[in-house]
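This report concerns only the one structure given below.
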Amino acid sequence: MTNNITHTRSSEPKQKSLRMPFMNFSRTFAAIVAASLTFGLIGCSAGMPANVGTPIVPTPAKKTITGRAMGGQSPITGASIYLFAVGTGNYGSASTSILNNNVLSNTPAGNVDGSGNYYAVTDSNGNFSISGDYACPSGTSLIYLLSVGGNSGSGPNPALYIMSALGNCQNVLNNAGSEFFTINEVTTVASVYALAPYMTLSGTLGFSATNIGAPSTTLGLAGITYAFAEVPNLISLSLGGANSTTAGGNGTVPANLINGLANAVATCVNSNGGATCSGTNNLLNVTTVNSITPLDTIAATLSMAQNPGNNVTKIVNLDSGGGAPFSTTLTSANDLTMSVAYTGNGISTPQGVAIGLGGSVWVVNAGSNELVELSAGTGALGDALSSLNAPVSVAVDQVGNPWVVNCGVACSGSGSSSSVTWVHLNNGFINFSSNLTGGGLTGSYGIALDATNRAFIANSLSTAISAFNSSGDVTGGSGYSATYQANTTGVAVDNAGNVWTVSPTANAVSEFAPTGGDATPFTASNSYAGSSVSYPFAIAIDASNRPWVVDQGSNKVTVLTTAGAVTGSSPYSGGGLSTPNAIVLDGLGTAWISNANGSISAFTSAGTAVTPSTGYAPGGGYANGIAVDGSGTVWVTDCGSYCGGTGAGAVYQVIGAAAPVVTPIAYGVNTGQLATRP
């Protein structure tokens, strides 16, 4: 098979100027995340657990929180309105009510449920107001409104659970009186999709709605905060309608999908909760997965978010078209994933993508020779650096600095040789960059960093990989070679510091073990070459130090042991694999893979395909780079016509599809948390 390296079809375009960032992403690692947790997000979720946790001290000078609960375009009367803070014990931990006694207007004082949680009640117009004692458990608490039961016109409905994720508690309470919140099917769909990695699907009434949580660690809190930031990007929390573009103006929101799913949920919301909800081919029936039948509309929405390939046609058919409460043209779908598309404004034929510190998403644009920063959660444009040379991949070190691989003449015909651009940040801003050469760089393609911030570069036109230390100096002379290694395209580092490479033309995987400091070369310790790998193109390492290899020749995934032997059950096939280009592992060990036909595939840690035979279709024509951030969002690049697809390409933000993972990857390697949840 010929060397199937992509991105060789474009001449080098005119360079762009440096763009200053929209916000300060990083000071120190802890400070970055801490700062990002307290900004004014609107979004959160909770439920009705026992009222446990840190005692709540009322905040003085209370203001009234107002809003309405709607079933489609009809008010929900007599609904119970709760205000919850997400749990801080672990993923899916119990939420905590932040309403105390004497909190209510439009309802008799002292309404309390069997778990000791206070609530307000909606009036005949679906309106509610909360004007008494409420307080934030902490300055970083995230809160959401939950509406339970009530009557939208067809009678009391016990299965009616809807929510609106609001965001940072203190910011919401500080602005109370000047904001109005709608709770309806649209706000439920957006909130549940964003928070799906922090929720648990259950057949117990109300459980999914009342158990939303994340660890109280710095990284755990950061991830769920980014998830909350996605909600107001998707919808208007005041109007309860889907947005067409993101707040930053650079992203296109899938409004038709949001409205279509909201219409499906509305078929149960606007009923009395009987057969219209649970009968054959109705909402609770078609969202049943693995024998778990949702008993309420939030659980049904969560089932769709966590299993977007399940019963797609039946769920879409619930959208009754012209008679539906929310305008939509959704008549069919490949899957029910929710993807925001970022195009233009610095996005031009994007290839590699990597997650940095403080919620930064770094993307390299091969066509514009530019590195661009997006924000996790909002996708807003940040900093940028131009004057690169056919950049193909990027990795971020433990202090947040991106390292960019420039393929050069081998990929663009630019006349320039391969190099590595080491970008130095100062207080979160791009300060300057260093251009690294030597070390055998030629046709450079992939990059990985180890626990000491050494960078290893795969060279597609060489038999050796190159290496630079944390000072930018070449190590290992002209590179590290192995018996079967040739034309490497992918490289990865495991928790033990071993470096793994894939060689497409040699059908080989090689391992290098560290034997000392920078002055001592790595030693080739294991190599695998055989029929179980066929044109291996990319590689990632799981929490057990097992390499996962995607094979373009066979459209399969091969998993090796730490000794370089093929595991007994792999290679794995199916799941929509089609000329796979890149692979990344999320916090539960699920492998996410980008395909040349624009789809993405996913396999569990046991090798079971998560995605259907067509994969998930985020919307691109040529999926190339792929990454998972700390909120569980999957970021996919489509390099468009530069790679053989069409157009200028895009970056896709697949909301809440994966498990949150420790990032940057180099930080996971250093702390022994590679491919684990924060």
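Ordering of the structure tokens sets the chain letters (A, B, ...); residue numbers start at 1 within each chain; ligands are numbered from 1 in the order shown.
For Asn369 in chain A, the residues within 7 Å (counting only C-alpha atoms, excluding itself and residues fewer than 3 positions away along the chain) are Gln15, Asn365, Ala366, Ser386, Ser387, Leu388, Asn389, Ala390 and Pro391 of chain A.
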Q. Could you name the residues that touch Pro75 in chain A at 7 Å or less, counting only C-alpha atoms, but leaving out those on the same chain fewer than 2 positions away, as a ChimeraX atom specification?
A. /A:69-71,73,77,125-126,152
Export all heavy atoms of the chosen residues as an mmCIF file, in the first residue's frame?
data_model
loop_
_atom_site.group_PDB
_atom_site.id
_atom_site.type_symbol
_atom_site.label_atom_id
_atom_site.label_comp_id
_atom_site.auth_asym_id
_atom_site.auth_seq_id
_atom_site.Cartn_x
_atom_site.Cartn_y
_atom_site.Cartn_z
ATOM 1 N N ALA A 69 -42.702 27.788 33.963
ATOM 2 C CA ALA A 69 -42.583 26.404 33.500
ATOM 3 C C ALA A 69 -43.588 26.212 32.378
ATOM 4 O O ALA A 69 -44.778 26.505 32.536
ATOM 5 C CB ALA A 69 -42.860 25.431 34.638
ATOM 6 N N MET A 70 -43.091 25.711 31.238
ATOM 7 C CA MET A 70 -43.929 25.582 30.055
ATOM 8 C C MET A 70 -43.822 24.169 29.480
ATOM 9 O O MET A 70 -42.731 23.586 29.415
ATOM 10 C CB MET A 70 -43.505 26.586 28.982
ATOM 11 C CG MET A 70 -43.565 28.040 29.411
ATOM 12 S SD MET A 70 -45.256 28.661 29.523
ATOM 13 C CE MET A 70 -45.699 28.733 27.786
ATOM 14 N N GLY A 71 -44.971 23.642 29.036
ATOM 15 C CA GLY A 71 -45.009 22.415 28.267
ATOM 16 C C GLY A 71 -45.263 22.785 26.831
ATOM 17 O O GLY A 71 -46.400 23.066 26.449
ATOM 18 N N GLN A 73 -45.881 25.249 24.224
ATOM 19 C CA GLN A 73 -46.341 26.628 24.301
ATOM 20 C C GLN A 73 -47.424 26.819 25.361
ATOM 21 O O GLN A 73 -48.056 27.879 25.428
ATOM 22 C CB GLN A 73 -46.875 27.059 22.932
ATOM 23 C CG GLN A 73 -45.882 26.899 21.798
ATOM 24 C CD GLN A 73 -44.573 27.642 22.036
ATOM 25 O OE1 GLN A 73 -44.593 28.793 22.467
ATOM 26 N NE2 GLN A 73 -43.445 26.993 21.767
ATOM 27 N N THR A 77 -49.290 24.338 35.164
ATOM 28 C CA THR A 77 -49.832 24.816 36.437
ATOM 29 C C THR A 77 -49.583 23.787 37.532
ATOM 30 O O THR A 77 -49.564 22.583 37.280
ATOM 31 C CB THR A 77 -51.338 25.082 36.308
ATOM 32 O OG1 THR A 77 -52.023 23.848 36.041
ATOM 33 C CG2 THR A 77 -51.615 26.056 35.171
ATOM 34 N N ASN A 125 -50.560 30.610 35.085
ATOM 35 C CA ASN A 125 -49.814 30.988 33.883
ATOM 36 C C ASN A 125 -48.447 30.305 33.804
ATOM 37 O O ASN A 125 -47.631 30.635 32.945
ATOM 38 C CB ASN A 125 -49.620 32.509 33.841
ATOM 39 C CG ASN A 125 -50.922 33.248 33.681
ATOM 40 O OD1 ASN A 125 -51.744 32.898 32.824
ATOM 41 N ND2 ASN A 125 -51.133 34.268 34.509
ATOM 42 N N GLY A 126 -48.211 29.373 34.725
ATOM 43 C CA GLY A 126 -46.920 28.680 34.754
ATOM 44 C C GLY A 126 -45.831 29.478 35.420
ATOM 45 O O GLY A 126 -44.664 29.047 35.444
ATOM 46 N N SER A 152 -50.048 20.522 32.139
ATOM 47 C CA SER A 152 -49.876 21.397 30.972
ATOM 48 C C SER A 152 -51.124 21.440 30.107
ATOM 49 O O SER A 152 -51.098 21.976 28.994
ATOM 50 C CB SER A 152 -48.692 20.926 30.125
ATOM 51 O OG SER A 152 -48.942 19.620 29.607
#
Each residue of range 547-647 of chain A with at least one atom at most 7 Å from range 667-676 of chain A should appear once, together with its nearest atom pair and the corresponding distance in Å (one decimal); atoms considered: only C-alpha atoms; ordering: chain, then increasing residue number; output as a Markdown table.
| residue | atom | partner | partner_atom | distance |
| --- | --- | --- | --- | --- |
| A:Leu585 | CA | A:Ala675 | CA | 5.7 |
| A:Asp586 | CA | A:Ala675 | CA | 5.5 |
| A:Gly587 | CA | A:Thr676 | CA | 3.9 |
| A:Leu588 | CA | A:Thr676 | CA | 6.1 |
| A:Gly589 | CA | A:Ala675 | CA | 6.0 |
May I have the selected residues written with N, CA and C atoms, as a compact mmCIF listing (two decimals), in the first residue's frame?
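So selection_14.txt came out as:
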# COMPACT_ATOMS: atom_id res chain seq x y z
N LEU A 585 -8.45 8.57 23.91
CA LEU A 585 -9.20 7.82 24.92
C LEU A 585 -9.80 8.77 25.94
N ASP A 586 -11.07 8.51 26.32
CA ASP A 586 -11.69 9.36 27.32
C ASP A 586 -11.45 8.82 28.72
N GLY A 587 -12.13 9.42 29.73
CA GLY A 587 -11.85 9.09 31.11
C GLY A 587 -12.35 7.74 31.57
N LEU A 588 -13.17 7.06 30.78
CA LEU A 588 -13.61 5.70 31.09
C LEU A 588 -12.96 4.68 30.17
N GLY A 589 -11.95 5.11 29.42
CA GLY A 589 -11.23 4.20 28.54
C GLY A 589 -11.90 3.95 27.21
Q) Contacts of range 340-345 of chain A at 6 Å or less, counting only C-alpha atoms, minus same-chain residues fewer than 4 places along, as a list of chain:residue names? A)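 Within the cut-off, the hits are A:Asn250, A:Gly251, A:Thr252, A:Val253, A:Ala650, A:Val651, A:Tyr652, A:Gln653.
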Output of the above residues as a compact mmCIF listing (two decimals), in the first residue's frame, restricted to all heavy atoms:
# COMPACT_ATOMS: atom_id res chain seq x y z
N ASN A 250 -19.17 32.70 16.38
CA ASN A 250 -18.34 31.90 15.48
C ASN A 250 -18.79 30.45 15.37
O ASN A 250 -18.17 29.66 14.67
CB ASN A 250 -16.89 31.92 15.96
CG ASN A 250 -16.72 31.35 17.36
OD1 ASN A 250 -17.56 31.58 18.22
ND2 ASN A 250 -15.64 30.63 17.61
N GLY A 251 -19.91 30.09 16.02
CA GLY A 251 -20.38 28.71 15.99
C GLY A 251 -21.83 28.63 15.54
O GLY A 251 -22.65 29.49 15.87
N THR A 252 -22.16 27.57 14.80
CA THR A 252 -23.52 27.32 14.36
C THR A 252 -24.14 26.26 15.26
O THR A 252 -23.62 25.15 15.38
CB THR A 252 -23.55 26.85 12.90
OG1 THR A 252 -22.96 27.85 12.07
CG2 THR A 252 -24.98 26.59 12.45
N VAL A 253 -25.25 26.59 15.89
CA VAL A 253 -25.93 25.71 16.83
C VAL A 253 -26.91 24.81 16.07
O VAL A 253 -27.63 25.29 15.18
CB VAL A 253 -26.68 26.52 17.90
CG1 VAL A 253 -27.49 25.62 18.83
CG2 VAL A 253 -25.70 27.37 18.69
N ALA A 650 -14.07 22.67 9.27
CA ALA A 650 -14.69 23.19 10.49
C ALA A 650 -14.13 22.46 11.69
O ALA A 650 -13.47 21.42 11.57
CB ALA A 650 -16.21 23.00 10.43
N VAL A 651 -14.42 23.00 12.87
CA VAL A 651 -14.15 22.32 14.13
C VAL A 651 -15.51 22.02 14.75
O VAL A 651 -16.36 22.92 14.87
CB VAL A 651 -13.31 23.18 15.09
CG1 VAL A 651 -13.14 22.48 16.44
CG2 VAL A 651 -11.95 23.49 14.48
N TYR A 652 -15.72 20.76 15.15
CA TYR A 652 -17.01 20.35 15.70
C TYR A 652 -16.87 20.05 17.19
O TYR A 652 -15.94 19.36 17.62
CB TYR A 652 -17.54 19.11 14.97
CG TYR A 652 -17.93 19.42 13.54
CD1 TYR A 652 -17.02 19.25 12.51
CD2 TYR A 652 -19.18 19.93 13.24
CE1 TYR A 652 -17.35 19.56 11.20
CE2 TYR A 652 -19.53 20.24 11.93
CZ TYR A 652 -18.61 20.06 10.91
OH TYR A 652 -18.95 20.38 9.63
N GLN A 653 -17.80 20.59 17.95
CA GLN A 653 -17.86 20.40 19.40
C GLN A 653 -19.05 19.47 19.68
O GLN A 653 -20.20 19.88 19.64
CB GLN A 653 -18.07 21.76 20.08
CG GLN A 653 -18.20 21.73 21.59
CD GLN A 653 -18.60 23.11 22.12
OE1 GLN A 653 -19.18 23.92 21.41
NE2 GLN A 653 -18.29 23.36 23.39
Q) Near range 455-467 of chain A, counting only C-alpha atoms, which residues have an atom at most 6 Å away, once you skip same-chain residues fewer than 3 positions from it, shown as a list in words? A) Gly439, Gly440, Thr442, Gly443, Ser444, Tyr445, Gly446, Ile447, Ala448, Leu449, Val474, Thr475, Gly479, Tyr480, Ser481, Gln485, Ala486, Asn487, Thr488, Thr489, Gly490 and Val491 of chain A
Q. Looking only at the backbone, which of the residues in range 168-251 of chain A does DSSP tag as helix (DSSP H, G or I), as a PyMOL selection string?
A. chain A and resi 169-174+185-198+207-210+218-234
Q: Have a look at A:Thr501, A:Ser348, A:Thr276, A:Thr515 and name the one nearest to Val550 in chain A; count only C-alpha atoms.
A: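 Smallest separation from Val550 in chain A among the options: A:Thr501.
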